[in-house]
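Visitor: This one is final_14.cif, mmCIF, C-alpha atoms.
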data_model
loop_
_atom_site.label_atom_id
_atom_site.label_comp_id
_atom_site.auth_asym_id
_atom_site.auth_seq_id
_atom_site.Cartn_x
_atom_site.Cartn_y
_atom_site.Cartn_z
CA MET A 212 0.00 0.00 0.00
CA ILE A 213 1.41 3.37 -1.02
CA ALA A 214 -1.62 5.51 -0.13
CA ARG A 215 -5.07 5.22 1.38
CA VAL A 216 -8.34 7.10 0.91
CA GLY A 217 -10.55 6.22 3.85
CA PRO A 218 -10.85 2.42 3.82
CA THR A 219 -9.55 2.06 0.25
CA ALA A 220 -5.88 1.15 -0.28
CA ILE A 221 -3.91 2.27 -3.33
CA THR A 222 -1.34 -0.43 -4.06
CA ALA A 223 2.22 -0.11 -5.29
CA ASP A 224 1.36 -2.44 -8.20
CA LEU A 225 -1.35 -0.10 -9.46
CA PHE A 226 0.84 2.97 -8.94
CA ASN A 227 3.70 1.38 -10.89
CA ILE A 228 1.39 0.30 -13.75
CA ARG A 229 0.27 3.90 -14.26
CA LEU A 230 3.73 5.34 -13.67
CA GLN A 231 5.35 3.13 -16.32
CA SER A 232 2.69 4.05 -18.86
CA ALA A 233 3.06 7.77 -18.08
CA LEU A 234 6.87 7.73 -18.30
CA THR A 235 6.72 5.86 -21.61
CA GLY A 236 4.31 8.46 -22.93
CA VAL A 237 6.65 11.28 -21.89
CA ALA A 238 9.60 9.59 -23.59
CA GLN A 239 7.66 8.91 -26.80
CA ALA A 240 6.60 12.55 -26.90
CA GLY A 241 10.26 13.61 -26.81
CA GLY A 242 10.38 14.51 -23.14
CA PRO A 243 13.48 14.09 -20.98
CA THR A 244 14.38 10.68 -19.60
CA GLY A 245 16.28 10.09 -16.40
CA ASN A 246 15.43 13.60 -15.21
CA ALA A 247 14.77 13.51 -11.47
CA ALA A 248 12.61 16.64 -11.38
CA MET A 249 10.49 15.44 -14.28
CA THR A 250 10.12 11.99 -12.77
CA SER A 251 8.99 13.50 -9.48
CA GLN A 252 6.37 15.56 -11.32
CA VAL A 253 5.09 12.50 -13.15
CA ARG A 254 4.94 10.52 -9.91
CA ALA A 255 2.94 13.32 -8.29
CA SER A 256 0.57 13.43 -11.26
CA VAL A 257 0.06 9.67 -11.18
CA LEU A 258 -0.67 9.70 -7.47
CA ARG A 259 -3.09 12.57 -7.91
CA SER A 260 -4.96 10.68 -10.64
CA LEU A 261 -5.19 7.62 -8.40
CA LEU A 262 -6.59 9.68 -5.53
CA ILE A 263 -9.22 11.21 -7.82
CA ASP A 264 -10.16 7.86 -9.34
CA THR A 265 -10.44 6.33 -5.86
CA VAL A 266 -12.82 9.08 -4.75
CA ILE A 267 -14.88 8.55 -7.91
CA ALA A 268 -14.94 4.78 -7.34
CA GLN A 269 -16.10 5.28 -3.76
CA GLU A 270 -18.87 7.64 -4.85
CA ALA A 271 -19.89 5.26 -7.65
CA THR A 272 -20.13 2.43 -5.11
CA ALA A 273 -22.17 4.59 -2.73
CA SER A 274 -24.51 5.47 -5.62
CA GLY A 275 -24.86 1.81 -6.63
CA VAL A 276 -23.32 2.29 -10.09
CA ALA A 277 -19.74 1.03 -9.67
CA ALA A 278 -18.31 -0.81 -12.68
CA THR A 279 -18.71 -4.57 -12.42
CA ALA A 280 -16.17 -7.20 -13.43
CA SER A 281 -18.43 -8.30 -16.29
CA GLU A 282 -18.68 -4.73 -17.62
CA VAL A 283 -14.91 -4.35 -17.54
CA GLN A 284 -14.47 -7.69 -19.30
CA ALA A 285 -17.04 -6.79 -21.97
CA GLN A 286 -15.10 -3.62 -22.83
CA LEU A 287 -11.81 -5.53 -22.80
CA ASP A 288 -13.32 -8.09 -25.17
CA ALA A 289 -14.43 -5.28 -27.50
CA ASP A 290 -10.94 -3.77 -27.45
CA THR A 291 -9.43 -7.18 -28.16
CA GLN A 292 -11.69 -7.69 -31.15
CA ALA A 293 -10.95 -4.18 -32.46
CA ALA A 294 -7.21 -4.87 -32.22
CA GLY A 295 -7.51 -8.10 -34.20
CA GLY A 296 -6.91 -10.48 -31.33
CA LEU A 297 -5.36 -10.71 -27.88
CA SER A 298 -1.74 -10.94 -29.03
CA GLN A 299 -2.16 -7.87 -31.24
CA LEU A 300 -3.73 -5.96 -28.36
CA VAL A 301 -0.92 -6.91 -25.99
CA SER A 302 1.63 -5.82 -28.59
CA GLN A 303 -0.10 -2.48 -29.14
CA LEU A 304 -0.28 -1.84 -25.41
CA ALA A 305 3.38 -2.76 -24.89
CA SER A 306 4.45 -0.29 -27.58
CA LEU A 307 2.77 2.44 -25.53
CA GLY A 308 4.24 1.29 -22.24
CA GLY A 309 0.97 -0.33 -21.22
CA SER A 310 -0.32 -3.79 -20.41
CA LEU A 311 -3.58 -5.67 -20.00
CA ALA A 312 -3.51 -4.78 -16.30
CA GLN A 313 -3.13 -1.11 -17.21
CA LEU A 314 -6.00 -1.35 -19.70
CA ARG A 315 -8.27 -3.03 -17.15
CA ASP A 316 -7.48 -0.24 -14.68
CA GLU A 317 -8.24 2.38 -17.35
CA ILE A 318 -11.52 0.73 -18.33
CA ARG A 319 -12.72 0.40 -14.73
CA SER A 320 -11.84 4.02 -13.92
CA SER A 321 -13.52 5.28 -17.09
CA LEU A 322 -16.71 3.28 -16.47
CA ASN A 323 -16.91 4.45 -12.86
CA GLU A 324 -16.59 8.08 -13.91
CA GLN A 325 -19.03 7.79 -16.82
CA LYS A 326 -21.71 6.14 -14.71
CA LEU A 327 -21.26 8.48 -11.74
CA GLU A 328 -21.28 11.56 -13.98
CA ASP A 329 -24.55 10.34 -15.52
CA ILE A 330 -26.15 10.02 -12.07
CA PHE A 331 -25.01 13.52 -11.11
CA ALA A 332 -26.22 14.92 -14.46
CA GLN A 333 -29.68 13.45 -13.85
CA GLN A 334 -29.75 15.06 -10.41
CA ARG A 335 -28.56 18.40 -11.78
CA ALA A 336 -31.23 18.38 -14.50
CA THR A 337 -33.89 17.53 -11.91
CA GLU A 338 -32.78 20.47 -9.75
CA ILE A 339 -33.02 22.79 -12.76
CA GLU A 340 -36.53 21.59 -13.52
CA GLN A 341 -37.51 22.11 -9.88
CA SER A 342 -36.31 25.71 -10.18
CA LEU A 343 -38.31 26.15 -13.38
CA ALA A 344 -41.40 24.80 -11.62
CA ALA A 345 -40.78 27.28 -8.78
CA GLY A 346 -40.90 30.19 -11.22
CA MET A 347 -37.28 30.82 -12.22
CA GLY A 348 -36.87 32.16 -15.76
CA PHE A 349 -35.74 29.64 -18.36
CA ALA A 350 -33.24 32.05 -19.94
CA SER A 351 -31.69 32.89 -16.57
CA LEU A 352 -31.21 29.23 -15.66
CA ALA A 353 -29.82 28.46 -19.12
CA SER A 354 -27.22 31.22 -18.78
CA GLN A 355 -26.12 29.87 -15.40
CA PHE A 356 -26.34 26.10 -15.76
CA SER A 357 -26.42 24.99 -19.40
CA ASP A 358 -23.33 23.13 -20.59
CA ASP A 359 -23.93 24.32 -24.17
CA SER A 360 -21.36 27.12 -24.39
CA ALA A 361 -22.67 28.18 -27.81
CA THR A 362 -26.13 29.07 -26.48
CA SER A 363 -25.85 29.58 -22.71
CA SER A 364 -24.79 33.22 -23.10
CA LYS A 365 -27.97 33.76 -25.15
CA GLY A 366 -30.26 32.26 -22.53
CA GLY A 367 -30.28 28.92 -24.32
CA GLU A 368 -31.65 30.36 -27.58
CA LEU A 369 -31.69 27.86 -30.44
CA GLY A 370 -33.69 30.19 -32.66
CA ALA A 371 -36.20 29.12 -35.29
CA VAL A 372 -35.63 25.43 -36.00
CA PRO A 373 -37.28 23.85 -39.06
CA ARG A 374 -39.93 21.30 -38.15
CA THR A 375 -38.34 18.90 -40.62
CA GLN A 376 -35.08 19.11 -38.66
CA VAL A 377 -36.81 18.35 -35.36
CA GLN A 378 -38.72 15.48 -36.95
CA GLY A 379 -35.47 14.08 -38.30
CA ASP A 380 -33.80 14.07 -34.89
CA ASP A 381 -33.89 11.26 -32.35
CA PRO A 382 -37.48 9.94 -32.14
CA ALA A 383 -37.67 10.55 -28.37
CA TYR A 384 -36.44 14.12 -28.83
CA ALA A 385 -38.87 14.78 -31.69
CA ALA A 386 -41.86 13.35 -29.84
CA ALA A 387 -41.14 15.37 -26.69
CA VAL A 388 -40.57 18.67 -28.52
CA LEU A 389 -43.50 18.34 -30.94
CA ALA A 390 -45.85 17.69 -28.01
CA LEU A 391 -45.03 21.06 -26.37
CA HIS A 392 -47.28 24.10 -26.36
CA ALA A 393 -45.86 27.64 -26.32
CA GLY A 394 -44.09 28.39 -23.03
CA ALA A 395 -43.86 24.74 -21.96
CA TYR A 396 -40.65 22.73 -21.56
CA THR A 397 -39.81 19.04 -21.68
CA ASN A 398 -40.42 17.35 -18.35
CA PRO A 399 -38.65 15.03 -17.76
CA PRO A 400 -35.58 16.13 -19.71
CA VAL A 401 -34.88 14.37 -23.00
CA HIS A 402 -32.00 11.90 -22.57
CA ASP A 403 -29.83 11.64 -25.66
CA ALA A 404 -26.20 11.05 -26.64
CA GLN A 405 -25.19 14.49 -25.34
CA GLY A 406 -26.86 14.26 -21.96
CA TYR A 407 -30.07 15.60 -20.42
CA ASP A 408 -31.80 18.24 -22.52
CA ILE A 409 -34.54 20.55 -21.23
CA ILE A 410 -36.17 22.17 -24.26
CA GLN A 411 -38.65 25.04 -24.13
CA LEU A 412 -40.98 25.94 -27.01
CA GLN A 413 -41.29 29.70 -27.32
CA SER A 414 -43.47 29.83 -30.43
CA SER A 415 -44.27 27.84 -33.55
CA ASP A 416 -45.76 28.10 -37.00
CA ALA A 417 -46.38 25.73 -39.86
CA THR A 418 -42.69 25.33 -40.72
CA THR A 419 -40.58 26.27 -37.68
CA LEU A 420 -40.30 25.91 -33.92
CA THR A 421 -38.59 28.63 -31.90
CA LEU A 422 -36.75 26.89 -29.08
CA ARG A 423 -34.51 27.39 -26.07
CA HIS A 424 -32.69 24.64 -24.26
CA ILE A 425 -30.61 23.78 -21.21
CA ILE A 426 -28.25 20.87 -21.69
CA VAL A 427 -26.62 19.02 -18.81
CA ASN A 428 -23.72 17.11 -20.32
CA ALA A 429 -23.53 13.35 -19.89
CA PRO A 430 -22.12 12.31 -23.28
CA GLN A 431 -22.11 8.77 -24.62
CA PRO A 432 -19.45 7.61 -25.21
CA TYR A 433 -17.71 9.49 -22.43
CA THR A 434 -14.06 10.48 -22.10
CA VAL A 435 -12.30 12.29 -19.27
CA ASN A 436 -11.56 15.31 -21.45
CA GLN A 437 -15.35 15.79 -21.74
CA ARG A 438 -15.68 16.05 -17.95
CA PRO A 439 -18.02 19.00 -17.22
CA GLN A 440 -16.65 21.67 -14.90
CA TRP A 441 -19.44 21.16 -12.37
CA PHE A 442 -18.58 17.46 -12.12
CA SER A 443 -14.87 18.23 -11.62
CA GLU A 444 -15.80 20.70 -8.88
CA ALA A 445 -17.95 18.08 -7.13
CA ILE A 446 -15.13 15.52 -7.17
CA PHE A 447 -12.48 17.99 -5.97
CA GLU A 448 -14.85 19.11 -3.22
CA SER A 449 -15.16 15.52 -2.06
CA LEU A 450 -11.37 15.09 -2.24
CA ALA A 451 -10.91 18.26 -0.18
CA GLN A 452 -13.35 16.99 2.43
CA ASP A 453 -11.43 13.72 2.69
CA CYS A 454 -8.25 15.75 3.16
CA ALA A 455 -9.82 17.94 5.84
CA ALA A 456 -11.11 14.85 7.66
CA GLY A 457 -7.68 13.22 7.66
CA GLN A 458 -8.90 10.39 5.43
CA ILE A 459 -6.02 10.58 2.93
CA HIS A 460 -2.64 9.12 3.85
CA ILE A 461 0.45 8.95 1.64
CA PHE A 462 3.15 6.36 2.45
CA VAL A 463 5.71 7.07 -0.29
CA SER A 464 8.15 9.88 -0.94
CA ASN A 465 9.18 11.66 -4.13
CA VAL A 466 5.60 12.44 -5.15
CA GLY A 467 5.84 16.22 -4.95
CA ASP A 468 3.93 18.36 -2.50
CA ASP A 469 1.30 16.99 -0.18
CA PRO A 470 -1.72 16.37 -2.47
CA CYS A 471 -4.03 17.63 0.25
CA ALA A 472 -2.26 20.98 0.31
CA ALA A 473 -3.47 21.58 -3.26
CA ALA A 474 -7.03 20.35 -2.78
CA SER A 475 -9.32 23.36 -2.83
CA PRO A 476 -13.07 22.97 -2.29
CA SER A 477 -15.45 24.48 -4.81
CA PRO A 478 -19.23 24.29 -4.23
CA SER A 479 -21.15 22.40 -6.87
CA PRO A 480 -24.37 20.45 -7.36
CA SER A 481 -23.53 16.95 -6.25
CA GLY A 482 -24.77 13.47 -5.64
CA PRO A 483 -25.04 11.11 -2.68
CA GLY A 484 -21.96 11.19 -0.49
CA LEU A 485 -20.77 14.52 -1.87
CA PRO A 486 -21.18 17.88 -0.10
CA THR A 487 -24.63 19.44 -0.08
CA PRO A 488 -24.80 21.63 -3.17
CA ALA A 489 -25.39 25.32 -3.12
CA PRO A 490 -29.10 25.71 -3.96
CA LEU A 491 -30.19 27.04 -7.30
CA PRO A 492 -31.47 30.63 -7.09
CA SER A 493 -34.92 31.17 -5.64
CA PRO A 494 -37.54 32.87 -7.81
#
Is it possible to express this structure as structure tokens?
Guide:
Amino acid sequence: MIARVGPTAITADLFNIRLQSALTGVAQAGGPTGNAAMTSQVRASVLRSLLIDTVIAQEATASGVAATASEVQAQLDADTQAAGGLSQLVSQLASLGGSLAQLRDEIRSSLNEQKLEDIFAQQRATEIEQSLAAGMGFASLASQFSDDSATSSKGGELGAVPRTQVQGDDPAYAAAVLALHAGAYTNPPVHDAQGYDIIQLQSSDATTLTLRHIIVNAPQPYTVNQRPQWFSEAIFESLAQDCAAGQIHIFVSNVGDDPCAAASPSPSPSGPGLPTPAPLPSP
């Protein structure tokens, strides 16, 4: 054990799997090798990622959505098939400094985050709809909480959308939007590949629908670089609380500064086991 987050141990084997992959990536990108300062930075980054993934795994378990062994194996089987067989996959991983153990770790961490982020996105969308029901303006909530950066600054304005375009979209989306009357919004939110979409019909005519929307991102498929800011804030808040409660212990050296010294809380809508979110504005 090289670190612990509450009851969960982080093992030296797992740390070394990620460290080797990270150092190989640095070398392949033309970075320095055998540089003590660089190595220390990479070690610190690897440890930090393990702490974050452990917090996410704990929250996923508490929410009842933790990745199962069969889910991890199913994704590994898909990767094996895509690579052309197990030996080809192992060879590809080795060329990148990885291994099957590293890939299993990556798959499990990714599934935990994807499933937890989806739970939190559902909760966030529900909170937004509760605020709408309480009388908050749609445009105001869109500007504050929509993850669509292209429209949030405009109060979620999508403008006049051709009916043919709406009808050609996902059937669930089309059915929900076409059933709206002026001023109404989709309740519950429409769940699609981007996340949870709350759409309001402002007006309509024979050929167009004038719409606003609020999107809460929960993309499928999901990657870490698509992590919404509000989800990052919720996870770092939980990490900071663990630090403040003395639940994080590091048992190795040469991993940079104390990770808890850099953990800064940031209020955010959250899920079970995370800090109580700051409430959405009252009407």
Visitor: Please compute the atom CA of A:Ala336-atom CA of A:Ala451 distance, one decimal, in Å.
Guide: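 Between atom CA of A:Ala336 and atom CA of A:Ala451 the gap is 24.9 Å.
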Visitor: Run through the PyMOL selection byres ((chain A and resi 391-403) around 12) on the given coordinates and return the selected residues as a ChimeraX atom specification.
Guide: /A:329,332-341,343-344,348-350,380-390,404-416,420-432
Visitor: Go ahead and compute the interatomic distance for atom CA of A:Asn323 and atom CA of A:Leu262, in Å to one decimal.
Guide: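 Rounded to one decimal, the two atoms are 13.7 Å apart.
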Visitor: Find the distance between atom CA of A:Gly366 and atom CA of A:Tyr433 and write it in Å to one decimal.
Guide: 26.0 Å
Visitor: Taking the file as shown, find all residues satisfying the PyMOL selection byres ((chain A and resi 453) around 12) and write them as a PyMOL selection string.
Guide: chain A and resi 215-218+262-263+265-266+269+446-452+454-460+470-472+474-476+484-486
Visitor: The residues within 9 Å of (-16.6, -2.6, -13.1), using all atoms listed in the file and the coordinates of the file, should be reported as an mmCIF file with C-alpha atoms, in the frame of the given file; which are they?
Guide:
data_model
loop_
_atom_site.group_PDB
_atom_site.id
_atom_site.type_symbol
_atom_site.label_atom_id
_atom_site.label_comp_id
_atom_site.auth_asym_id
_atom_site.auth_seq_id
_atom_site.Cartn_x
_atom_site.Cartn_y
_atom_site.Cartn_z
ATOM 1 C CA VAL A 276 -23.320 2.290 -10.090
ATOM 2 C CA ALA A 277 -19.740 1.030 -9.670
ATOM 3 C CA ALA A 278 -18.310 -0.810 -12.680
ATOM 4 C CA THR A 279 -18.710 -4.570 -12.420
ATOM 5 C CA ALA A 280 -16.170 -7.200 -13.430
ATOM 6 C CA SER A 281 -18.430 -8.300 -16.290
ATOM 7 C CA GLU A 282 -18.680 -4.730 -17.620
ATOM 8 C CA VAL A 283 -14.910 -4.350 -17.540
ATOM 9 C CA GLN A 284 -14.470 -7.690 -19.300
ATOM 10 C CA ILE A 318 -11.520 0.730 -18.330
ATOM 11 C CA ARG A 319 -12.720 0.400 -14.730
ATOM 12 C CA SER A 320 -11.840 4.020 -13.920
ATOM 13 C CA LEU A 322 -16.710 3.280 -16.470
ATOM 14 C CA ASN A 323 -16.910 4.450 -12.860
#
Visitor: Do a neighbour search on A:Pro373 at 7 Å with only C-alpha atoms, toss out local chain neighbours closer than 4 positions, and write the hits as a PyMOL selection string.
Guide: chain A and resi 377+418-420
